[in-house]
>>> print(open('coords.pdb').read())   # PDB, C-alpha atoms
MODEL        1
ATOM      1  CA  MET C 247     102.460 122.561 104.492
ATOM      2  CA  THR C 248     103.949 121.421 101.169
ATOM      3  CA  ARG C 249     106.619 124.125 101.469
ATOM      4  CA  LEU C 250     107.422 123.018 105.039
ATOM      5  CA  ILE C 251     107.826 119.411 103.881
ATOM      6  CA  VAL C 252     110.042 120.208 100.906
ATOM      7  CA  PHE C 253     112.152 122.809 102.709
ATOM      8  CA  SER C 254     112.722 120.677 105.831
ATOM      9  CA  VAL C 255     113.697 117.531 103.935
ATOM     10  CA  VAL C 256     115.950 119.304 101.440
ATOM     11  CA  ALA C 257     117.597 121.321 104.234
ATOM     12  CA  GLY C 258     118.132 118.120 106.220
ATOM     13  CA  ILE C 259     119.661 116.281 103.247
ATOM     14  CA  VAL C 260     122.022 119.184 102.495
ATOM     15  CA  LEU C 261     122.944 119.522 106.175
ATOM     16  CA  GLY C 262     123.445 115.770 106.546
ATOM     17  CA  TYR C 263     125.564 115.581 103.382
ATOM     18  CA  GLY C 264     127.684 118.570 104.446
ATOM     19  CA  THR C 265     128.335 117.219 107.939
ATOM     20  CA  ARG C 266     128.364 113.471 107.135
ATOM     21  CA  ASP C 267     131.858 112.914 108.535
ATOM     22  CA  ALA C 268     131.094 114.589 111.866
ATOM     23  CA  LEU C 269     127.602 113.157 112.408
ATOM     24  CA  ASN C 270     126.958 110.577 115.092
ATOM     25  CA  PRO C 271     124.126 108.233 113.969
ATOM     26  CA  GLU C 272     123.200 107.476 117.605
ATOM     27  CA  VAL C 273     122.612 111.153 118.343
ATOM     28  CA  LEU C 274     120.403 111.417 115.241
ATOM     29  CA  GLU C 275     118.503 108.324 116.388
ATOM     30  CA  SER C 276     117.840 109.888 119.823
ATOM     31  CA  LEU C 277     116.712 113.152 118.211
ATOM     32  CA  VAL C 278     114.229 111.246 116.036
ATOM     33  CA  VAL C 279     112.793 109.390 119.041
ATOM     34  CA  ILE C 280     112.368 112.639 121.028
ATOM     35  CA  ALA C 281     110.875 114.615 118.121
ATOM     36  CA  LEU C 282     108.505 111.771 117.263
ATOM     37  CA  ALA C 283     107.285 111.425 120.873
ATOM     38  CA  VAL C 284     106.646 115.194 121.046
ATOM     39  CA  LEU C 285     104.858 115.152 117.664
ATOM     40  CA  CYS C 286     102.678 112.199 118.712
ATOM     41  CA  PHE C 287     101.806 113.954 121.976
ATOM     42  CA  GLY C 288     100.652 117.029 120.028
ATOM     43  CA  ILE C 289      98.651 114.933 117.559
ATOM     44  CA  GLY C 290      97.061 112.942 120.416
ATOM     45  CA  LEU C 291      96.120 116.190 122.157
ATOM     46  CA  ASP C 292      94.574 117.464 118.916
ATOM     47  CA  LEU C 293      92.563 114.260 118.464
ATOM     48  CA  GLY C 294      91.423 114.220 122.106
ATOM     49  CA  GLN C 295      90.255 117.847 121.908
ATOM     50  CA  SER C 296      88.054 117.098 118.899
ATOM     51  CA  GLY C 297      85.250 116.174 121.326
ATOM     52  CA  ASN C 298      83.004 113.191 121.583
ATOM     53  CA  LEU C 299      84.608 110.964 118.951
ATOM     54  CA  LEU C 300      82.294 108.010 119.597
ATOM     55  CA  GLY C 301      79.189 110.215 119.361
ATOM     56  CA  GLN C 302      80.429 111.748 116.117
ATOM     57  CA  LEU C 303      81.082 108.280 114.717
ATOM     58  CA  LYS C 304      77.486 107.248 115.409
ATOM     59  CA  GLU C 305      76.156 110.409 113.816
ATOM     60  CA  ALA C 306      78.087 109.942 110.592
ATOM     61  CA  GLY C 307      76.474 106.548 110.109
ATOM     62  CA  SER C 308      77.771 103.199 108.999
ATOM     63  CA  LEU C 309      79.995 104.673 106.256
ATOM     64  CA  SER C 310      82.126 106.342 108.944
ATOM     65  CA  LEU C 311      83.264 102.915 110.135
ATOM     66  CA  LEU C 312      83.127 101.108 106.794
ATOM     67  CA  LEU C 313      85.193 103.628 104.804
ATOM     68  CA  PRO C 314      88.366 103.624 106.986
ATOM     69  CA  LEU C 315      88.264  99.831 107.047
ATOM     70  CA  VAL C 316      87.912  99.681 103.250
ATOM     71  CA  THR C 317      90.706 102.255 102.800
ATOM     72  CA  ALA C 318      93.022 100.344 105.145
ATOM     73  CA  VAL C 319      92.441  96.924 103.570
ATOM     74  CA  SER C 320      92.602  98.147  99.940
ATOM     75  CA  SER C 321      95.759 100.237 100.524
ATOM     76  CA  ILE C 322      97.505  97.349 102.241
ATOM     77  CA  VAL C 323      96.494  94.798  99.582
ATOM     78  CA  ALA C 324      97.357  97.103  96.646
ATOM     79  CA  THR C 325     100.767  98.117  98.014
ATOM     80  CA  GLY C 326     101.485  94.513  99.036
ATOM     81  CA  ILE C 327     100.908  93.396  95.432
ATOM     82  CA  ALA C 328     102.808  96.375  94.000
ATOM     83  CA  GLY C 329     105.651  95.774  96.445
ATOM     84  CA  SER C 330     106.104  92.201  95.280
ATOM     85  CA  LEU C 331     106.085  93.395  91.639
ATOM     86  CA  VAL C 332     108.846  95.978  92.194
ATOM     87  CA  GLY C 333     111.216  93.699  94.071
ATOM     88  CA  LEU C 334     110.181  94.174  97.717
ATOM     89  CA  THR C 335     108.473  91.542  99.832
ATOM     90  CA  ALA C 336     104.673  91.777  99.967
ATOM     91  CA  GLY C 337     104.937  92.465 103.727
ATOM     92  CA  SER C 338     107.344  95.392 103.192
ATOM     93  CA  GLY C 339     105.129  96.868 100.456
ATOM     94  CA  ALA C 340     102.067  96.481 102.685
ATOM     95  CA  ALA C 341     103.906  98.064 105.648
ATOM     96  CA  VAL C 342     104.789 101.084 103.482
ATOM     97  CA  GLY C 343     101.146 101.319 102.312
ATOM     98  CA  ALA C 344      99.916 101.104 105.921
ATOM     99  CA  GLY C 345     101.344 104.592 106.437
ATOM    100  CA  PHE C 346      98.183 105.821 104.621
ATOM    101  CA  GLY C 347      99.952 109.100 103.809
ATOM    102  CA  TRP C 348     101.352 109.693 107.323
ATOM    103  CA  TYR C 349     104.908 109.966 106.029
ATOM    104  CA  SER C 350     106.704 111.070 109.185
ATOM    105  CA  LEU C 351     105.556 108.268 111.450
ATOM    106  CA  SER C 352     105.637 105.436 108.881
ATOM    107  CA  ALA C 353     109.107 106.429 107.649
ATOM    108  CA  VAL C 354     110.565 106.617 111.133
ATOM    109  CA  LEU C 355     108.965 103.343 112.217
ATOM    110  CA  LEU C 356     110.224 101.493 109.138
ATOM    111  CA  THR C 357     113.698 103.027 109.450
ATOM    112  CA  GLN C 358     113.876 101.663 112.983
ATOM    113  CA  LEU C 359     112.376  98.279 112.097
ATOM    114  CA  GLN C 360     113.826  97.572 108.633
ATOM    115  CA  GLY C 361     116.588 100.123 108.044
ATOM    116  CA  PRO C 362     116.974 103.461 106.231
ATOM    117  CA  GLU C 363     116.237 102.089 102.728
ATOM    118  CA  LEU C 364     112.651 101.011 103.482
ATOM    119  CA  GLY C 365     112.253 104.103 105.694
ATOM    120  CA  THR C 366     113.163 106.288 102.706
ATOM    121  CA  ILE C 367     110.743 104.375 100.455
ATOM    122  CA  ALA C 368     107.989 104.858 103.076
ATOM    123  CA  PHE C 369     108.762 108.546 103.293
ATOM    124  CA  ILE C 370     108.744 109.201  99.519
ATOM    125  CA  THR C 371     105.702 106.919  98.984
ATOM    126  CA  ASN C 372     103.565 108.597 101.628
ATOM    127  CA  VAL C 373     104.577 112.151 100.685
ATOM    128  CA  THR C 374     103.770 111.302  97.049
ATOM    129  CA  ARG C 375     100.425 109.791  98.058
ATOM    130  CA  GLU C 376      99.489 112.936  99.984
ATOM    131  CA  LEU C 377     100.471 115.204  97.090
ATOM    132  CA  LEU C 378      98.641 113.059  94.493
ATOM    133  CA  ALA C 379      95.510 112.865  96.684
ATOM    134  CA  VAL C 380      95.365 116.664  96.942
ATOM    135  CA  VAL C 381      96.129 117.283  93.263
ATOM    136  CA  LEU C 382      93.727 114.598  91.951
ATOM    137  CA  ALA C 383      90.873 115.360  94.408
ATOM    138  CA  PRO C 384      88.782 117.432  91.927
ATOM    139  CA  PHE C 385      89.009 114.667  89.296
ATOM    140  CA  ILE C 386      88.146 111.880  91.757
ATOM    141  CA  ALA C 387      85.209 113.926  93.114
ATOM    142  CA  ARG C 388      83.842 114.403  89.570
ATOM    143  CA  TRP C 389      84.257 110.691  88.798
ATOM    144  CA  SER C 390      82.811 109.267  92.014
ATOM    145  CA  GLY C 391      82.062 111.645  94.907
ATOM    146  CA  GLY C 392      83.095 112.418  98.456
ATOM    147  CA  PRO C 393      83.840 108.921  99.829
ATOM    148  CA  ALA C 394      86.362 108.128  97.059
ATOM    149  CA  VAL C 395      88.155 111.470  97.584
ATOM    150  CA  ILE C 396      88.332 110.788 101.326
ATOM    151  CA  ALA C 397      89.594 107.228 100.770
ATOM    152  CA  ALA C 398      92.296 108.506  98.395
ATOM    153  CA  ALA C 399      93.568 110.946 101.023
ATOM    154  CA  GLY C 400      94.081 108.180 103.613
ATOM    155  CA  ALA C 401      95.106 109.443 107.058
ATOM    156  CA  THR C 402      95.620 112.972 105.700
ATOM    157  CA  SER C 403      91.842 113.378 105.236
ATOM    158  CA  MET C 404      91.770 114.812 108.789
ATOM    159  CA  ASP C 405      94.357 117.557 108.274
ATOM    160  CA  VAL C 406      96.328 118.443 105.131
ATOM    161  CA  ALA C 407      93.762 117.159 102.630
ATOM    162  CA  LEU C 408      90.658 118.222 104.609
ATOM    163  CA  PRO C 409      90.305 121.751 103.128
ATOM    164  CA  VAL C 410      90.577 120.318  99.600
ATOM    165  CA  ILE C 411      88.058 117.553 100.388
ATOM    166  CA  ILE C 412      85.539 120.107 101.718
ATOM    167  CA  ARG C 413      86.069 122.265  98.638
ATOM    168  CA  VAL C 414      85.495 119.481  96.099
ATOM    169  CA  ALA C 415      82.978 117.298  98.010
ATOM    170  CA  GLY C 416      81.083 119.865 100.111
ATOM    171  CA  ASN C 417      80.747 120.600 103.832
ATOM    172  CA  GLN C 418      78.806 117.375 104.419
ATOM    173  CA  ALA C 419      82.033 115.450 103.722
ATOM    174  CA  ALA C 420      83.937 117.191 106.547
ATOM    175  CA  LEU C 421      82.886 114.988 109.464
ATOM    176  CA  LEU C 422      83.306 111.769 107.512
ATOM    177  CA  ALA C 423      86.741 112.914 106.295
ATOM    178  CA  PHE C 424      87.852 113.855 109.798
ATOM    179  CA  LEU C 425      86.724 110.589 111.374
ATOM    180  CA  HIS C 426      88.286 108.632 108.505
ATOM    181  CA  GLY C 427      91.617 110.352 109.159
ATOM    182  CA  VAL C 428      91.388 109.847 112.930
ATOM    183  CA  ILE C 429      90.723 106.108 112.640
ATOM    184  CA  LEU C 430      93.474 105.577 110.057
ATOM    185  CA  SER C 431      95.944 107.658 112.112
ATOM    186  CA  LEU C 432      95.284 105.437 115.107
ATOM    187  CA  LEU C 433      95.857 102.338 112.953
ATOM    188  CA  VAL C 434      99.233 103.460 111.524
ATOM    189  CA  PRO C 435     101.374 102.810 114.657
ATOM    190  CA  LEU C 436      99.727  99.408 115.050
ATOM    191  CA  LEU C 437      99.683  98.164 111.441
ATOM    192  CA  VAL C 438     103.110  99.338 110.220
ATOM    193  CA  PRO C 439     105.138  97.290 112.773
ATOM    194  CA  LEU C 440     102.735  94.355 112.406
ATOM    195  CA  LEU C 441     103.073  94.197 108.592
ATOM    196  CA  ALA C 442     106.816  94.927 108.664
ATOM    197  CA  GLY C 443     107.242  91.776 110.729
ATOM    198  CA  LEU C 444     105.642  89.553 108.042
TER     199      LEU C 444
ATOM    200  CA  MET S 898     107.623 102.780 121.862
ATOM    201  CA  TYR S 899     107.999 106.376 123.187
ATOM    202  CA  TYR S 900     105.783 107.631 120.355
ATOM    203  CA  LEU S 901     102.889 105.432 121.592
ATOM    204  CA  LEU S 902     103.401 106.833 125.082
ATOM    205  CA  GLY S 903     103.324 110.378 123.662
ATOM    206  CA  LEU S 904     100.196 109.629 121.622
ATOM    207  CA  SER S 905      98.408 108.042 124.612
ATOM    208  CA  LEU S 906      99.327 110.904 126.971
ATOM    209  CA  GLY S 907      98.170 113.485 124.421
ATOM    210  CA  LEU S 908      94.901 111.628 123.776
ATOM    211  CA  ALA S 909      94.176 111.290 127.507
ATOM    212  CA  LEU S 910      94.972 114.945 128.214
ATOM    213  CA  GLY S 911      92.960 116.167 125.212
ATOM    214  CA  TRP S 912      90.035 113.917 126.055
ATOM    215  CA  PHE S 913      89.704 114.780 129.756
ATOM    216  CA  VAL S 914      90.911 118.401 129.929
ATOM    217  CA  ALA S 915      89.262 121.285 128.065
ATOM    218  CA  LEU S 916      92.215 123.416 127.010
ATOM    219  CA  PRO S 917      92.024 127.200 126.493
ATOM    220  CA  PRO S 918      92.426 128.540 122.909
ATOM    221  CA  ALA S 919      95.962 129.756 123.669
ATOM    222  CA  ALA S 920      97.024 126.224 124.612
ATOM    223  CA  LEU S 921      95.466 124.843 121.407
ATOM    224  CA  ARG S 922      97.342 127.418 119.341
ATOM    225  CA  ALA S 923     100.550 126.475 121.181
ATOM    226  CA  ASN S 924      99.827 122.815 120.399
ATOM    227  CA  THR S 925      99.376 123.612 116.687
ATOM    228  CA  ALA S 926     102.784 125.323 116.745
ATOM    229  CA  LEU S 927     104.261 122.357 118.636
ATOM    230  CA  ILE S 928     103.018 119.950 115.937
ATOM    231  CA  ARG S 929     104.304 122.178 113.148
ATOM    232  CA  TYR S 930     107.766 122.730 114.609
ATOM    233  CA  SER S 931     108.271 119.176 115.847
ATOM    234  CA  LEU S 932     107.244 117.924 112.387
ATOM    235  CA  GLY S 933     109.685 120.341 110.753
ATOM    236  CA  PHE S 934     112.470 119.264 113.113
ATOM    237  CA  LEU S 935     111.693 115.584 112.542
ATOM    238  CA  LEU S 936     111.810 116.057 108.757
ATOM    239  CA  VAL S 937     115.143 117.903 108.993
ATOM    240  CA  VAL S 938     116.656 115.084 111.089
ATOM    241  CA  MET S 939     115.223 112.503 108.681
ATOM    242  CA  GLY S 940     116.751 114.439 105.791
ATOM    243  CA  MET S 941     120.076 114.478 107.665
ATOM    244  CA  ARG S 942     119.962 110.698 107.975
ATOM    245  CA  ILE S 943     119.340 110.396 104.227
ATOM    246  CA  GLY S 944     122.024 112.984 103.361
ATOM    247  CA  SER S 945     124.649 111.388 105.566
ATOM    248  CA  ASP S 946     124.055 107.868 104.192
ATOM    249  CA  PRO S 947     125.893 107.488 100.845
ATOM    250  CA  ARG S 948     124.031 104.226 100.027
ATOM    251  CA  ILE S 949     120.650 105.975 100.170
ATOM    252  CA  LEU S 950     121.786 108.862  97.951
ATOM    253  CA  GLN S 951     123.122 106.415  95.365
ATOM    254  CA  GLN S 952     119.804 104.537  95.363
ATOM    255  CA  LEU S 953     117.513 107.563  95.395
ATOM    256  CA  GLY S 954     116.638 107.123  91.686
ATOM    257  CA  THR S 955     115.660 103.473  92.161
ATOM    258  CA  LEU S 956     113.929 104.133  95.500
ATOM    259  CA  GLY S 957     112.012 107.042  93.942
ATOM    260  CA  ALA S 958     110.597 104.839  91.168
ATOM    261  CA  THR S 959     109.648 102.113  93.670
ATOM    262  CA  SER S 960     108.033 104.689  95.945
ATOM    263  CA  PHE S 961     106.051 106.237  93.100
ATOM    264  CA  ALA S 962     104.730 102.799  92.096
ATOM    265  CA  LEU S 963     103.657 102.092  95.704
ATOM    266  CA  ALA S 964     102.009 105.521  96.071
ATOM    267  CA  VAL S 965     100.005 105.098  92.857
ATOM    268  CA  ALA S 966      98.996 101.541  93.883
ATOM    269  CA  GLY S 967      97.821 102.621  97.359
ATOM    270  CA  LEU S 968      95.971 105.665  96.054
ATOM    271  CA  THR S 969      94.278 103.797  93.197
ATOM    272  CA  GLY S 970      93.347 100.819  95.367
ATOM    273  CA  SER S 971      91.750 102.921  98.095
ATOM    274  CA  THR S 972      89.992 105.271  95.638
ATOM    275  CA  VAL S 973      88.345 102.408  93.728
ATOM    276  CA  ALA S 974      87.513 100.545  96.949
ATOM    277  CA  GLY S 975      86.036 103.717  98.515
ATOM    278  CA  HIS S 976      83.923 104.266  95.389
ATOM    279  CA  LEU S 977      82.640 100.671  95.453
ATOM    280  CA  ALA S 978      81.959 100.724  99.220
ATOM    281  CA  ALA S 979      79.896 103.931  98.981
ATOM    282  CA  ARG S 980      77.898 102.611  95.989
ATOM    283  CA  THR S 981      77.273  99.250  97.682
ATOM    284  CA  LEU S 982      76.109 100.913 100.896
ATOM    285  CA  GLU S 983      73.812 103.270  98.952
ATOM    286  CA  SER S 984      72.133 100.428  97.032
ATOM    287  CA  TRP S 985      71.842  98.353 100.216
ATOM    288  CA  LYS S 986      70.142 101.289 101.999
ATOM    289  CA  ALA S 987      67.849 101.864  98.982
ATOM    290  CA  ARG S 988      66.742  98.214  99.067
ATOM    291  CA  ARG S 989      66.022  98.405 102.807
ATOM    292  CA  ALA S 990      64.110 101.701 102.624
ATOM    293  CA  PRO S 991      60.284 101.397 103.051
ATOM    294  CA  ARG S 992      58.372 101.619  99.741
TER     295      ARG S 992
ENDMDL
END
>>> encode(input="coords.pdb", output="structure tokens")
Amino acid sequence: MTRLIVFSVVAGIVLGYGTRDALNPEVLESLVVIALAVLCFGIGLDLGQSGNLLGQLKEAGSLSLLLPLVTAVSSIVATGIAGSLVGLTAGSGAAVGAGFGWYSLSAVLLTQLQGPELGTIAFITNVTRELLAVVLAPFIARWSGGPAVIAAAGATSMDVALPVIIRVAGNQAALLAFLHGVILSLLVPLLVPLLAGL
Amino acid sequence: MYYLLGLSLGLALGWFVALPPAALRANTALIRYSLGFLLVVMGMRIGSDPRILQQLGTLGATSFALAVAGLTGSTVAGHLAARTLESWKARRAPR
């Protein structure tokens, strides 16, 4: 997955730089909208196939609802504060943080809503968050345990970071991690535009 | 708004229709390739915008600060939430 991310972005930048005089921004915009709709359809299908989500939520106990809420609020507050310290508005920082590691969707949404600069920040921020969450997972697990590792991974706890979470926090963390990722993934398309408008 | 339509359609289809393994494998490939395509197009937008390339150093530092803030905030909050819930459950447990 990491190789796919790096290769695709670098290839795109090189291609875009090489063809910058011939590129039509409106065509690129349409391609993004189409690719994003197709990607969201696939992700929705994946989520829907995961079975009885409400039943699984009940089974995982109160932490399954509390943890995504805590992750969402703390990420938004922390990036809102950090955003205002590095020269962005608190709302823009919070909107970037509300991507919870889902770099493709948050970057595209913020590019459309606030322009390519904040879209690029959202992209780099959320890719970096995903990479740091995976790399630091063993250390966080040793310091605290499964819930902190899952919270660190944000929305990626249901896919990219899930194998690492299971490895460092055990099989019992799998369901909680998956549900955490599902709930945060559903919140991203709602919270990013909401916070970007502040 | 098309992405919300895509997400809703996918959720509804996945929820109500049990798909065969071949369709699920095809969906995994669809996600992978559409993600790759999306990232290439996003890269093209960055590469073709001279303002972004000039600011990449500054944007990178800002992005790193935001990533560390989000990760640290949620890790500490997740740790505290789990500990609080554990002690609350321990207090409520019958002696």
>>> axis_aligned_box(input="coords.pdb", around="region 335-347 of chain C", padding_each_side="3 Å", output="JSON")
{"center_x": 103.3, "center_y": 100.3, "center_z": 103.1, "size_x": 16.3, "size_y": 23.6, "size_z": 12.6}
>>> resolve_selection(input="coords.pdb", expression="the ChimeraX specification (/C :<6) & /S", output="VMD selection string")
chain S and resid 899 to 900 903 to 904 907 to 908 911 to 912 924 928 931 933 935 to 938 940 to 941 943 to 945 956 960 to 961 963 to 964 966 to 968 970 to 972 975 to 976
>>> atom_distance(input="coords.pdb", atom1="CA of Val381 (chain C)", atom2="CA of Val414 (chain C)")
11.2 Å
>>> closest_residue(input="coords.pdb", among="C:Leu359, C:Ala336, C:Ala341, C:Leu382", to="Leu433 (chain C)", atoms="only C-alpha atoms")
C:Ala341
>>> atom_distance(input="coords.pdb", atom1="CA of Ser338 (chain C)", atom2="CA of Leu441 (chain C)")
7.0 Å
>>> atom_distance(input="coords.pdb", atom1="CA of Ala420 (chain C)", atom2="CA of Met404 (chain C)")
8.5 Å
>>> closest_residue(input="coords.pdb", among="C:Ser310, C:Thr335, C:Leu444, C:Ala387", to="Gly427 (chain C)", atoms="all atoms listed in the file")
C:Ser310
